[in-house]
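Here is query-v2.cif, consisting of mmCIF, C-alpha atoms:
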data_query
loop_
_atom_site.label_atom_id
_atom_site.label_comp_id
_atom_site.auth_asym_id
_atom_site.auth_seq_id
_atom_site.Cartn_x
_atom_site.Cartn_y
_atom_site.Cartn_z
CA MET A 5 14.66 -15.18 -40.43
CA GLN A 6 13.51 -12.10 -42.32
CA ASN A 7 11.36 -11.00 -39.39
CA GLU A 8 14.30 -11.34 -36.99
CA LYS A 9 16.45 -9.09 -39.19
CA ARG A 10 13.68 -6.49 -39.30
CA GLU A 11 13.31 -6.55 -35.51
CA MET A 12 17.08 -6.21 -35.10
CA ARG A 13 17.14 -3.19 -37.44
CA HIS A 14 14.30 -1.57 -35.48
CA TYR A 15 16.11 -2.22 -32.20
CA ALA A 16 19.42 -0.87 -33.50
CA GLY A 17 17.73 2.17 -35.03
CA ALA A 18 15.85 2.94 -31.83
CA ALA A 19 19.00 2.59 -29.75
CA GLY A 20 20.86 4.84 -32.21
CA ILE A 21 18.22 7.56 -32.04
CA PHE A 22 18.15 7.36 -28.24
CA THR A 23 21.94 7.73 -28.13
CA LEU A 24 21.81 10.62 -30.60
CA ILE A 25 19.25 12.49 -28.49
CA ILE A 26 21.24 11.98 -25.29
CA LEU A 27 24.45 13.16 -26.97
CA LEU A 28 22.64 16.19 -28.40
CA LEU A 29 21.33 17.14 -24.96
CA ILE A 30 24.80 16.75 -23.45
CA PHE A 31 26.30 18.87 -26.23
CA LEU A 32 23.69 21.58 -25.77
CA SER A 33 24.33 21.67 -22.03
CA TYR A 34 27.92 22.79 -22.73
CA VAL A 35 27.32 25.15 -25.67
CA GLU A 36 25.49 28.43 -25.28
CA ILE A 37 22.75 28.90 -27.84
CA PRO A 38 22.62 32.36 -29.44
CA PRO A 39 19.37 34.22 -28.69
CA VAL A 40 18.68 34.54 -32.42
CA ASN A 41 18.52 30.75 -32.91
CA LYS A 42 17.03 29.80 -29.55
CA ASP A 43 13.49 29.17 -30.83
CA LEU A 44 14.76 26.95 -33.62
CA PHE A 45 16.87 24.84 -31.26
CA VAL A 46 14.02 24.53 -28.77
CA ALA A 47 11.68 23.33 -31.53
CA ILE A 48 14.18 20.76 -32.83
CA VAL A 49 15.05 19.40 -29.39
CA GLY A 50 11.36 19.29 -28.42
CA THR A 51 10.53 17.29 -31.54
CA LEU A 52 13.34 14.82 -30.91
CA VAL A 53 12.52 14.39 -27.23
CA SER A 54 8.84 13.82 -28.02
CA SER A 55 9.83 10.73 -30.04
CA LEU A 56 11.52 9.15 -27.02
CA GLY A 57 8.32 7.36 -25.98
CA ILE A 58 8.21 5.30 -29.16
CA VAL A 59 11.97 4.72 -29.02
CA VAL A 60 11.76 3.35 -25.47
CA TYR A 61 8.89 1.02 -26.46
CA VAL A 62 10.99 -0.42 -29.29
CA ILE A 63 14.10 -0.79 -27.09
CA ILE A 64 12.21 -2.72 -24.39
CA GLY A 65 10.67 -4.97 -27.02
CA GLN A 66 7.06 -3.82 -27.17
CA GLN A 67 5.27 -2.55 -30.23
CA PRO A 68 3.87 0.98 -29.90
CA ASP A 69 0.65 -0.21 -31.59
CA GLU A 70 -0.24 -2.48 -28.65
#
So, in terms of structure tokens, how does the structure I just supplied come out?
Amino acid sequence: MQNEKREMRHYAGAAGIFTLIILLLIFLSYVEIPPVNKDLFVAIVGTLVSSLGIVVYVIIGQQPDE
């Protein structure tokens, strides 16, 4: 029972992060980034997108440790 709740929280959290990243990329495709802040935005988006591998593993039901 406790393990099922933990797995459901991981699944919901992974799906939420995936949705957040997709919405952020859609938002940034419509908004022009000022040249002053471009490096900061690129670093933040790069960091978020690099976590997509682990998020996809959790969504499809596999553990990233395997």
Quiz item: So which one's closest to Ile48 of chain A, A:Ala19, A:Val35, A:Leu29, A:Val60? Using only C-alpha atoms, please.
Solution: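 Nearest candidate to Ile48 of chain A out of A:Ala19, A:Val35, A:Leu29, A:Val60: A:Leu29.
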Exercise. Dig up all the protein and nucleic acid residues within 7 Å of (17.7, 12.6, -29.3) in the file frame, using only C-alpha atoms, and format them as a ChimeraX atom specification.
Key: /A:21-26,28,52-53
Quiz item: Using only C-alpha atoms, which of the listed residues (A:Ile30, A:Ile63, A:Glu11, A:Gly17) sits closest to Val49 of chain A?
Solution: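 Of all the options, A:Ile30 lies closest to Val49 of chain A.
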Practice problem: Could you check how far atom CA of Tyr34 of chain A sits from atom CA of Ser55 of chain A, in Å to one decimal? | Solution: 22.9 Å
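The interatomic distance for the pair atom CA of Ala18 of chain A and atom CA of Gln6 of chain A works out to 18.5 Å.
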Practice problem: Tell me, in Å to one decimal, how far atom CA of Leu27 of chain A is from atom CA of Gly57 of chain A. | Solution: 17.2 Å
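Shortest separation to Ala16 of chain A among A:Gly50, A:Asp43, A:Val62, A:Pro38 occurs at residue A:Val62, atoms counted being all atoms listed in the file.
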